[in-house]
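Trainee: So here's structure21.cif, just mmCIF, C-alpha atoms:
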```
data_final
#
loop_
_atom_site.label_atom_id
_atom_site.label_comp_id
_atom_site.auth_asym_id
_atom_site.auth_seq_id
_atom_site.Cartn_x
_atom_site.Cartn_y
_atom_site.Cartn_z
CA MET A 1 129.63 94.78 101.85
CA LYS A 2 129.06 91.83 99.57
CA LEU A 3 128.60 91.07 95.89
CA GLY A 4 125.32 89.77 94.52
CA VAL A 5 123.33 89.36 91.32
CA VAL A 6 119.80 90.75 91.04
CA VAL A 7 117.57 87.78 90.16
CA GLY A 8 114.10 89.11 90.87
CA VAL A 9 111.81 91.71 92.33
CA VAL A 10 109.35 91.79 95.25
CA TRP A 11 106.10 93.71 94.60
CA SER A 12 104.46 95.21 97.62
CA SER A 13 101.74 97.84 97.62
CA ARG A 14 101.54 98.16 101.41
CA LYS A 15 104.83 98.81 103.16
CA ALA A 16 106.24 100.90 106.00
CA LYS A 17 106.14 104.58 104.98
CA GLU A 18 109.92 104.85 105.42
CA LEU A 19 110.15 102.60 102.35
CA ASP A 20 107.91 104.66 100.05
CA GLY A 21 109.25 104.71 96.50
CA CYS A 22 111.91 102.14 97.31
CA ARG A 23 112.13 99.00 95.20
CA LEU A 24 112.78 95.62 96.80
CA CYS A 25 114.98 93.17 94.87
CA VAL A 26 115.72 89.48 95.24
CA VAL A 27 119.51 89.12 95.21
CA GLN A 28 121.61 85.96 94.89
CA PRO A 29 124.89 86.40 96.81
CA ILE A 30 127.99 85.41 94.81
CA SER A 31 131.60 84.64 95.68
CA SER A 32 134.51 86.86 94.58
CA SER A 33 134.86 84.59 91.53
CA GLY A 34 131.21 85.06 90.58
CA LYS A 35 129.84 81.67 91.73
CA LYS A 36 126.51 81.32 93.55
CA GLN A 37 126.91 81.42 97.33
CA GLY A 38 124.09 80.72 99.81
CA CYS A 39 120.39 81.51 99.50
CA PRO A 40 118.81 84.51 97.76
CA LEU A 41 117.83 87.43 100.00
CA VAL A 42 115.64 90.53 99.75
CA VAL A 43 117.56 93.78 99.37
CA ALA A 44 116.14 97.32 99.35
CA ASP A 45 117.16 99.59 96.47
CA PRO A 46 116.55 103.18 97.69
CA LYS A 47 118.47 104.84 94.82
CA ASN A 48 116.96 102.66 92.05
CA ILE A 49 120.37 101.37 90.97
CA ALA A 50 119.63 97.70 90.42
CA ALA A 51 118.30 96.01 87.27
CA SER A 52 117.60 92.34 86.66
CA GLY A 53 120.75 90.31 85.94
CA GLU A 54 123.14 93.07 87.11
CA THR A 55 125.92 92.51 89.65
CA ILE A 56 125.64 94.85 92.63
CA VAL A 57 127.30 95.60 95.97
CA TYR A 58 124.95 95.46 98.94
CA VAL A 59 125.43 96.40 102.57
CA THR A 60 123.82 94.47 105.42
CA SER A 61 122.86 94.98 109.06
CA THR A 62 122.01 98.37 110.66
CA ASP A 63 124.25 100.11 108.13
CA ALA A 64 121.73 99.25 105.41
CA ALA A 65 119.57 102.17 106.65
CA GLU A 66 122.40 104.60 105.82
CA ALA A 67 121.77 103.98 102.11
CA PHE A 68 118.51 105.93 102.54
CA ASP A 69 118.60 109.75 102.49
CA THR A 70 116.85 109.78 105.86
CA GLY A 71 119.17 107.18 107.42
CA PHE A 72 116.03 105.70 108.96
CA ALA A 73 114.41 102.61 107.38
CA PRO A 74 113.56 99.11 108.62
CA VAL A 75 115.82 97.20 106.23
CA ASN A 76 118.47 94.51 106.71
CA ALA A 77 120.20 94.98 103.34
CA SER A 78 120.49 97.79 100.76
CA VAL A 79 121.98 98.12 97.27
CA VAL A 80 124.77 100.70 97.28
CA GLU A 81 126.68 100.18 94.02
CA LEU A 82 126.28 98.80 90.55
CA VAL A 83 129.35 96.77 89.58
CA ASP A 84 130.83 97.33 86.12
CA GLU A 85 133.69 94.91 86.47
CA VAL A 86 135.62 92.96 89.12
CA VAL A 87 139.28 92.65 88.18
CA MET B 1 114.74 90.95 105.24
CA ILE B 2 113.11 87.53 105.21
CA PHE B 3 109.89 86.15 103.79
CA ALA B 4 107.29 85.04 106.33
CA LYS B 5 103.68 83.98 106.63
CA VAL B 6 101.53 85.26 109.50
CA VAL B 7 100.17 82.22 111.34
CA GLY B 8 98.78 83.68 114.55
CA THR B 9 98.42 86.51 117.03
CA VAL B 10 100.21 86.83 120.36
CA VAL B 11 97.95 88.28 123.03
CA SER B 12 99.46 89.85 126.13
CA ILE B 13 98.10 91.99 128.97
CA GLN B 14 101.29 92.60 130.91
CA LYS B 15 104.03 93.94 128.72
CA ASP B 16 106.70 96.60 128.48
CA GLU B 17 104.99 100.01 128.30
CA ASN B 18 106.76 100.79 125.01
CA LEU B 19 104.86 97.87 123.47
CA ASN B 20 101.43 99.27 124.35
CA GLY B 21 99.15 99.48 121.31
CA LYS B 22 101.40 97.36 119.15
CA LYS B 23 100.11 94.17 117.58
CA LEU B 24 102.35 91.12 117.97
CA LEU B 25 102.04 88.47 115.29
CA LEU B 26 103.43 84.96 115.14
CA CYS B 27 105.23 84.54 111.81
CA LYS B 28 106.57 81.38 110.25
CA GLU B 29 109.61 81.86 108.03
CA VAL B 30 109.05 80.76 104.40
CA ASP B 31 111.10 80.76 101.21
CA HIS B 32 110.34 83.04 98.24
CA GLU B 33 107.74 80.56 96.94
CA GLY B 34 105.94 80.40 100.27
CA ASN B 35 107.21 76.97 101.35
CA PRO B 36 107.56 76.85 105.15
CA LEU B 37 111.02 76.75 106.75
CA ASP B 38 111.88 75.74 110.32
CA SER B 39 112.18 79.01 112.22
CA TYR B 40 109.55 81.44 113.47
CA HIS B 41 109.48 85.02 114.79
CA VAL B 42 107.16 87.06 117.00
CA ALA B 43 107.04 90.36 115.14
CA VAL B 44 105.45 93.77 115.65
CA ASP B 45 103.03 94.69 112.88
CA ALA B 46 103.75 98.04 111.19
CA VAL B 47 101.51 97.57 108.11
CA GLN B 48 98.20 96.12 109.37
CA ALA B 49 98.95 92.59 108.22
CA GLY B 50 96.37 89.91 108.91
CA GLU B 51 96.52 86.22 109.56
CA GLY B 52 97.63 84.31 106.44
CA SER B 53 99.42 87.34 104.90
CA PHE B 54 102.65 86.78 102.99
CA VAL B 55 104.95 89.44 104.44
CA LEU B 56 108.48 90.77 104.63
CA LEU B 57 110.03 90.83 108.04
CA SER B 58 112.99 92.92 109.13
CA TYR B 59 114.96 91.76 112.17
CA GLY B 60 117.63 92.93 114.58
CA SER B 61 118.22 96.59 115.41
CA SER B 62 116.85 97.60 111.98
CA ALA B 63 113.42 96.54 113.23
CA ARG B 64 113.28 99.65 115.43
CA MET B 65 113.57 101.96 112.43
CA THR B 66 109.87 102.57 111.75
CA SER B 67 107.64 105.24 113.25
CA THR B 68 105.61 102.52 115.03
CA THR B 69 108.58 100.72 116.57
CA LYS B 70 110.96 103.57 117.40
CA ASN B 71 112.50 103.09 120.88
CA ALA B 72 110.51 99.91 121.51
CA PRO B 73 112.27 96.79 122.85
CA ILE B 74 111.74 94.66 119.74
CA ASP B 75 113.87 92.78 117.22
CA ALA B 76 111.42 91.88 114.45
CA VAL B 77 108.94 94.00 112.50
CA ILE B 78 106.60 93.29 109.60
CA MET B 79 107.44 96.12 107.21
CA ALA B 80 105.75 95.08 103.94
CA ILE B 81 102.89 92.95 102.70
CA ILE B 82 103.99 91.06 99.60
CA ASP B 83 101.77 91.06 96.50
CA ASP B 84 104.11 89.01 94.33
CA VAL B 85 107.69 87.76 94.04
CA GLN B 86 108.96 87.65 90.47
CA ILE B 87 112.14 85.78 89.58
CA THR B 88 113.35 87.45 86.38
CA HIS B 89 116.89 86.12 86.02
CA LYS B 90 118.12 82.52 86.26
CA MET B 91 121.71 82.00 87.36
CA LYS B 92 123.62 79.02 86.00
CA SER B 93 125.90 77.96 88.85
#
```
Here is a file; write its structure as structure tokens.

Mentor:
Amino acid sequence: MKLGVVVGVVWSSRKAKELDGCRLCVVQPISSSGKKQGCPLVVADPKNIAASGETIVYVTSTDAAEAFDTGFAPVNASVVELVDEVV
Amino acid sequence: MIFAKVVGTVVSIQKDENLNGKKLLLCKEVDHEGNPLDSYHVAVDAVQAGEGSFVLLSYGSSARMTSTTKNAPIDAVIMAIIDDVQITHKMKS
């Protein structure tokens, strides 16, 4: 799992039905100290946790599907937590 | 997931039987503004995308997690057609 900041949103009216009702966010990965790291990526937000400018934890790879209730979705990354503070 | 633009169709007569009835599209990877990058993917179409569409592509084992691609020997699927990408927050560093 990695830290990232939500910097944008992807609007899509036609998507795979496994993703119905799921928002897609543009996330900028950050380092543990909060600095930008690498390129932005698209992350699914099945639980509607993310808001613009918020720091989140996202999970990548096959495990990203586990963030969905069904455990079955064609996603490479999902938001799993909203970060209040990193100490 | 990565951004991609559909640039062509891959036509094939002889293929794995699990790929029967699935449309294969040639997709060029792009950035969030639509500027082309170096790599490309041959992806199965799960959303009726057409040539020139700006799409989201899922790759690796996650690509098999749609009703169209379940149990098929594939590693890239087009799972959304993008209407718009909005950048709402600018990061400083």

Trainee: Determine the residue membership of the PyMOL selection byres ((chain A and resi 87) around 10) for the file above and supply it as a PyMOL selection string.

Mentor: chain A and resi 32-33+84-86

Trainee: Could you list the residues chosen by the PyMOL selection byres ((chain A) within 9 of (chain B)) in this structure as a VMD selection string?

Mentor: chain A and resid 5 to 19 26 28 35 to 36 40 to 44 52 to 53 61 to 65 72 to 77

Trainee: Skipping near chain neighbours, those fewer than 2 positions away, what residues fall within 6 Å of stretch 80-83 of chain A using all atoms listed in the file, listed as a count of residues only?

Mentor: 5

Trainee: Which residues are near B:Leu24? Cut-off 8 Å, only C-alpha atoms, ignore same chain within fewer than 6 positions. Put them as a ChimeraX atom specification.

Mentor: /B:9-11,42-45

Trainee: Report, in Å with one decimal, the straight-line distance from atom CA of A:Cys39 to atom CA of B:Val6.

Mentor: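 So the two atoms, atom CA of A:Cys39 and atom CA of B:Val6, lie 21.7 Å apart.
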
Trainee: Of the candidates A:Val59, A:Glu54, A:Ile49, A:Gly4, which one gets nearest to A:Gly34 if we count all atoms listed in the file?

Mentor: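 That would be A:Gly4, the residue with the smallest distance to A:Gly34.
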
Trainee: By how many Å are atom CA of B:Tyr40 and atom CA of B:Ala4 apart?

Mentor: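 Going from atom CA of B:Tyr40 over to atom CA of B:Ala4 covers 8.3 Å.
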
Trainee: Calculate how many Å separate atom CA of A:Leu3 from atom CA of A:Ala67, rounding to one decimal.

Mentor: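 Distance reported for this atom pair: 15.9 Å.
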
Trainee: Dig up all the protein and nucleic acid residues within 12 Å of (104.4, 97.2, 127.0) in the file frame, using all atoms listed in the file, and format them as a PyMOL selection string.

Mentor: chain B and resi 11-24+44+69+71-74

Trainee: Evaluate the PyMOL selection byres ((chain A and resi 45) around 7) here and jot the selected residues down as a PyMOL selection string.

Mentor: chain A and resi 22-25+43-44+46-50+78-79

Trainee: Write stretch 21-55 of chain B as a CSV table (one decimal), in the coordinates of the input, completed to N, CA and C atoms.

Mentor:
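And here is the file that came out, part.csv:
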```csv
chain,number,residue,atom,x,y,z
B,21,GLY,N,99.8,99.1,122.6
B,21,GLY,CA,99.2,99.5,121.3
B,21,GLY,C,99.8,98.8,120.1
B,22,LYS,N,100.8,98.0,120.3
B,22,LYS,CA,101.4,97.4,119.2
B,22,LYS,C,100.9,95.9,119.0
B,23,LYS,N,100.6,95.5,117.8
B,23,LYS,CA,100.1,94.2,117.6
B,23,LYS,C,101.3,93.2,117.4
B,24,LEU,N,101.3,92.1,118.1
B,24,LEU,CA,102.4,91.1,118.0
B,24,LEU,C,101.8,89.9,117.2
B,25,LEU,N,102.5,89.6,116.1
B,25,LEU,CA,102.0,88.5,115.3
B,25,LEU,C,103.1,87.3,115.3
B,26,LEU,N,102.6,86.1,115.2
B,26,LEU,CA,103.4,85.0,115.1
B,26,LEU,C,103.7,84.7,113.7
B,27,CYS,N,104.9,84.7,113.2
B,27,CYS,CA,105.2,84.5,111.8
B,27,CYS,C,106.1,83.3,111.6
B,28,LYS,N,105.8,82.5,110.6
B,28,LYS,CA,106.6,81.4,110.2
B,28,LYS,C,107.4,81.8,109.1
B,29,GLU,N,108.7,81.5,109.1
B,29,GLU,CA,109.6,81.9,108.0
B,29,GLU,C,109.3,81.0,106.8
B,30,VAL,N,109.3,81.5,105.6
B,30,VAL,CA,109.0,80.8,104.4
B,30,VAL,C,110.1,81.1,103.4
B,31,ASP,N,110.2,80.4,102.3
B,31,ASP,CA,111.1,80.8,101.2
B,31,ASP,C,110.3,81.6,100.2
B,32,HIS,N,111.0,82.1,99.1
B,32,HIS,CA,110.3,83.0,98.2
B,32,HIS,C,109.1,82.5,97.5
B,33,GLU,N,108.9,81.1,97.5
B,33,GLU,CA,107.7,80.6,96.9
B,33,GLU,C,106.6,80.3,98.0
B,34,GLY,N,106.9,80.6,99.2
B,34,GLY,CA,105.9,80.4,100.3
B,34,GLY,C,106.0,79.1,101.0
B,35,ASN,N,107.0,78.3,100.7
B,35,ASN,CA,107.2,77.0,101.4
B,35,ASN,C,107.8,77.2,102.7
B,36,PRO,N,107.1,76.6,103.8
B,36,PRO,CA,107.6,76.8,105.2
B,36,PRO,C,109.0,76.4,105.5
B,37,LEU,N,109.7,77.1,106.2
B,37,LEU,CA,111.0,76.8,106.8
B,37,LEU,C,110.9,76.5,108.2
B,38,ASP,N,112.0,76.2,108.9
B,38,ASP,CA,111.9,75.7,110.3
B,38,ASP,C,111.6,76.9,111.3
B,39,SER,N,112.2,78.0,111.1
B,39,SER,CA,112.2,79.0,112.2
B,39,SER,C,110.9,79.9,112.2
B,40,TYR,N,110.7,80.5,113.3
B,40,TYR,CA,109.6,81.4,113.5
B,40,TYR,C,110.0,82.7,114.2
B,41,HIS,N,109.2,83.8,114.1
B,41,HIS,CA,109.5,85.0,114.8
B,41,HIS,C,108.2,85.6,115.4
B,42,VAL,N,108.3,86.2,116.5
B,42,VAL,CA,107.2,87.1,117.0
B,42,VAL,C,107.5,88.5,116.6
B,43,ALA,N,106.7,89.1,115.7
B,43,ALA,CA,107.0,90.4,115.1
B,43,ALA,C,106.0,91.4,115.4
B,44,VAL,N,106.4,92.7,115.5
B,44,VAL,CA,105.4,93.8,115.6
B,44,VAL,C,104.9,94.1,114.2
B,45,ASP,N,103.6,94.4,114.2
B,45,ASP,CA,103.0,94.7,112.9
B,45,ASP,C,103.0,96.2,112.6
B,46,ALA,N,103.7,96.6,111.5
B,46,ALA,CA,103.8,98.0,111.2
B,46,ALA,C,102.9,98.4,110.0
B,47,VAL,N,102.2,97.3,109.4
B,47,VAL,CA,101.5,97.6,108.1
B,47,VAL,C,100.1,97.0,108.1
B,48,GLN,N,99.5,96.7,109.3
B,48,GLN,CA,98.2,96.1,109.4
B,48,GLN,C,98.1,94.8,108.6
B,49,ALA,N,99.0,93.9,108.8
B,49,ALA,CA,99.0,92.6,108.2
B,49,ALA,C,97.9,91.7,109.0
B,50,GLY,N,97.3,90.8,108.3
B,50,GLY,CA,96.4,89.9,108.9
B,50,GLY,C,96.9,88.5,108.9
B,51,GLU,N,96.1,87.6,109.5
B,51,GLU,CA,96.5,86.2,109.6
B,51,GLU,C,96.5,85.7,108.1
B,52,GLY,N,97.5,84.9,107.8
B,52,GLY,CA,97.6,84.3,106.4
B,52,GLY,C,98.4,85.2,105.5
B,53,SER,N,98.7,86.4,105.8
B,53,SER,CA,99.4,87.3,104.9
B,53,SER,C,100.8,86.8,104.6
B,54,PHE,N,101.3,87.1,103.4
B,54,PHE,CA,102.6,86.8,103.0
B,54,PHE,C,103.4,88.1,103.1
B,55,VAL,N,104.4,88.1,104.1
B,55,VAL,CA,105.0,89.4,104.4
B,55,VAL,C,106.5,89.4,104.4
```
